[in-house]
Amino acid sequence: MIKSAFGKVFLVYAPLLCILFWACTKNGSDTPGKSWSVSFTTGTGNIVFPQAAVIAQPIGNVHTTLISGGYADTSRKQGSISIRVIGGDTTTRYTQPNVLVTYTDSTGATWTSTTDTTNAVTFYQFGKTPGAQVHGSFNCIVSNKQGATLILNNGNFTAPYTY
């Protein structure tokens, strides 16, 4: 029999602390075995952002879906991508002008989507409950303020849905 108050508290809270520690050290996925990310290729190589989310964002009367990818706050790596799909929350293909992309590369340079008609996002799976998986692909041409262009090819994302 445990006689001290500390011992009783320890027995009650130790399992909770273990669960909390385990939850905080997971790979960013709320679903066992799932790994969330946004990835694509450019002329300079493969880019993989290990932190990803899909967020429903109504703006006034317009429904938008934001796909975001980046690095953890603790990472020394720089870069991120934000893909906004206007009117997009079903499993189908969305094209320009309903696709807006902002990509920040590893040097901190910002690239934004062009008006090219080949810019597209396709949702293959779109779970609509919090934490449900959203999976799709994208291809986009982006440009910087100097007018240079960059093609984001073979883009893929798998991320949890947030509303």
# chains A, B, ... in the order shown; residues from 1 in each chain; ligands from 1

$ closest_atom_pairs --of "segment 39-60 of chain A" --to "segment 67-91 of chain A" --cutoff "8 Å" --atoms "only C-alpha atoms" --output "Markdown table"
| residue | atom | partner | partner_atom | distance |
| --- | --- | --- | --- | --- |
| A:Phe49 | CA | A:Gly70 | CA | 4.7 |
| A:Pro50 | CA | A:Tyr71 | CA | 6.0 |
| A:Gln51 | CA | A:Gly70 | CA | 5.2 |
| A:Ala52 | CA | A:Gly69 | CA | 4.4 |
| A:Ala53 | CA | A:Ser68 | CA | 5.4 |
| A:Val54 | CA | A:Ile67 | CA | 4.5 |
| A:Ile55 | CA | A:Ile67 | CA | 6.6 |
| A:Ala56 | CA | A:Asp89 | CA | 8.0 |

$ write_last_selection --atoms "N, CA and C atoms" --output "PDB file, in the first residue's frame"
ATOM      1  N   PHE A  49       8.589  19.416 -47.680  1.00  0.00           N
ATOM      2  CA  PHE A  49       8.245  20.110 -46.447  1.00  0.00           C
ATOM      3  C   PHE A  49       7.547  19.099 -45.537  1.00  0.00           C
ATOM      4  N   PRO A  50       8.162  18.758 -44.399  1.00  0.00           N
ATOM      5  CA  PRO A  50       7.611  17.711 -43.543  1.00  0.00           C
ATOM      6  C   PRO A  50       6.421  18.135 -42.687  1.00  0.00           C
ATOM      7  N   GLN A  51       6.144  19.416 -42.593  1.00  0.00           N
ATOM      8  CA  GLN A  51       4.983  19.906 -41.852  1.00  0.00           C
ATOM      9  C   GLN A  51       3.944  20.345 -42.878  1.00  0.00           C
ATOM     10  N   ALA A  52       2.715  19.817 -42.753  1.00  0.00           N
ATOM     11  CA  ALA A  52       1.693  20.145 -43.746  1.00  0.00           C
ATOM     12  C   ALA A  52       0.320  20.211 -43.094  1.00  0.00           C
ATOM     13  N   ALA A  53      -0.552  21.013 -43.703  1.00  0.00           N
ATOM     14  CA  ALA A  53      -1.935  21.118 -43.237  1.00  0.00           C
ATOM     15  C   ALA A  53      -2.815  21.567 -44.389  1.00  0.00           C
ATOM     16  N   VAL A  54      -4.069  21.175 -44.330  1.00  0.00           N
ATOM     17  CA  VAL A  54      -5.084  21.662 -45.265  1.00  0.00           C
ATOM     18  C   VAL A  54      -6.145  22.340 -44.406  1.00  0.00           C
ATOM     19  N   ILE A  55      -6.398  23.612 -44.690  1.00  0.00           N
ATOM     20  CA  ILE A  55      -7.263  24.417 -43.837  1.00  0.00           C
ATOM     21  C   ILE A  55      -8.386  25.023 -44.656  1.00  0.00           C
ATOM     22  N   ALA A  56      -9.624  24.813 -44.221  1.00  0.00           N
ATOM     23  CA  ALA A  56     -10.778  25.465 -44.854  1.00  0.00           C
ATOM     24  C   ALA A  56     -10.838  26.887 -44.324  1.00  0.00           C
TER      25      ALA A  56
END

$ closest_residue --among "A:Thr44, A:Thr122, A:Thr65, A:Thr117" --to "Tyr161 of chain A" --atoms "only C-alpha atoms"
A:Thr65

$ atom_distance --atom1 "atom CA of Thr95 of chain A" --atom2 "atom CA of Thr107 of chain A"
28.2 Å

$ residues_around --residues "Leu150 of chain A" --least-positions-apart "2" --cutoff "8 Å" --atoms "only C-alpha atoms" --output "MDAnalysis selection string"
chainID A and resid 42:43 141:143 148 152

$ write_last_selection --atoms "C-alpha atoms" --output "PDB file, in the first residue's frame"
ATOM      1  CA  THR A  42      12.091  22.246 -59.271  1.00  0.00           C
ATOM      2  CA  GLY A  43      14.977  22.807 -61.638  1.00  0.00           C
ATOM      3  CA  ILE A 141       4.613  27.958 -62.635  1.00  0.00           C
ATOM      4  CA  VAL A 142       5.724  30.684 -60.221  1.00  0.00           C
ATOM      5  CA  SER A 143       7.695  33.880 -60.764  1.00  0.00           C
ATOM      6  CA  ALA A 148      12.285  34.841 -63.429  1.00  0.00           C
ATOM      7  CA  LEU A 152       6.951  23.328 -59.480  1.00  0.00           C
TER       8      LEU A 152
END

$ residues_around --residues "Asn139 of chain A" --least-positions-apart "3" --cutoff "7 Å" --atoms "only C-alpha atoms" --output "JSON, numbers by chain"
{"A": [119, 120, 121, 152, 153, 154, 155]}

$ select_by_dssp --residues "segment 89-137 of chain A" --states "strand (DSSP E or B)" --output "PyMOL selection string"
chain A and resi 93-95+99-104+110-113+120-126+133-137

$ write_last_selection --atoms "C-alpha atoms" --output "PDB file, in the first residue's frame"
ATOM      1  CA  ARG A  93      -9.101  19.224 -60.501  1.00  0.00           C
ATOM      2  CA  TYR A  94      -8.883  23.003 -60.017  1.00  0.00           C
ATOM      3  CA  THR A  95      -7.065  25.274 -62.472  1.00  0.00           C
ATOM      4  CA  VAL A  99      -5.181  28.361 -57.852  1.00  0.00           C
ATOM      5  CA  LEU A 100      -2.919  30.856 -56.085  1.00  0.00           C
ATOM      6  CA  VAL A 101       0.566  29.788 -54.969  1.00  0.00           C
ATOM      7  CA  THR A 102       3.199  31.473 -52.816  1.00  0.00           C
ATOM      8  CA  TYR A 103       6.519  29.646 -52.491  1.00  0.00           C
ATOM      9  CA  THR A 104       9.424  30.862 -50.352  1.00  0.00           C
ATOM     10  CA  THR A 110       9.361  34.666 -52.631  1.00  0.00           C
ATOM     11  CA  TRP A 111       7.754  33.253 -55.760  1.00  0.00           C
ATOM     12  CA  THR A 112       4.075  33.663 -56.683  1.00  0.00           C
ATOM     13  CA  SER A 113       1.858  31.880 -59.166  1.00  0.00           C
ATOM     14  CA  ALA A 120      -3.527  23.087 -61.336  1.00  0.00           C
ATOM     15  CA  VAL A 121      -4.353  21.305 -58.082  1.00  0.00           C
ATOM     16  CA  THR A 122      -6.134  17.945 -57.933  1.00  0.00           C
ATOM     17  CA  PHE A 123      -7.683  16.535 -54.773  1.00  0.00           C
ATOM     18  CA  TYR A 124      -7.835  12.714 -54.800  1.00  0.00           C
ATOM     19  CA  GLN A 125      -9.013  12.289 -51.223  1.00  0.00           C
ATOM     20  CA  PHE A 126     -10.668  14.993 -49.142  1.00  0.00           C
ATOM     21  CA  GLN A 133      -6.550  12.935 -44.556  1.00  0.00           C
ATOM     22  CA  VAL A 134      -6.470  15.161 -47.618  1.00  0.00           C
ATOM     23  CA  HIS A 135      -4.324  13.935 -50.503  1.00  0.00           C
ATOM     24  CA  GLY A 136      -3.650  15.429 -53.911  1.00  0.00           C
ATOM     25  CA  SER A 137      -1.211  16.716 -56.479  1.00  0.00           C
TER      26      SER A 137
END

$ closest_residue --among "A:Pro97, A:Gly147, A:Gly108, A:Pro160" --to "Lys128 of chain A" --atoms "only C-alpha atoms"
A:Pro160

$ atom_distance --atom1 "atom CA of Phe138 of chain A" --atom2 "atom CA of Ser35 of chain A"
18.3 Å

$ atom_distance --atom1 "atom CA of Tyr163 of chain A" --atom2 "atom CA of Gln57 of chain A"
7.2 Å

$ closest_residue --among "A:Thr41, A:Thr92, A:Thr114, A:Thr162" --to "Ala132 of chain A" --atoms "only C-alpha atoms"
A:Thr162
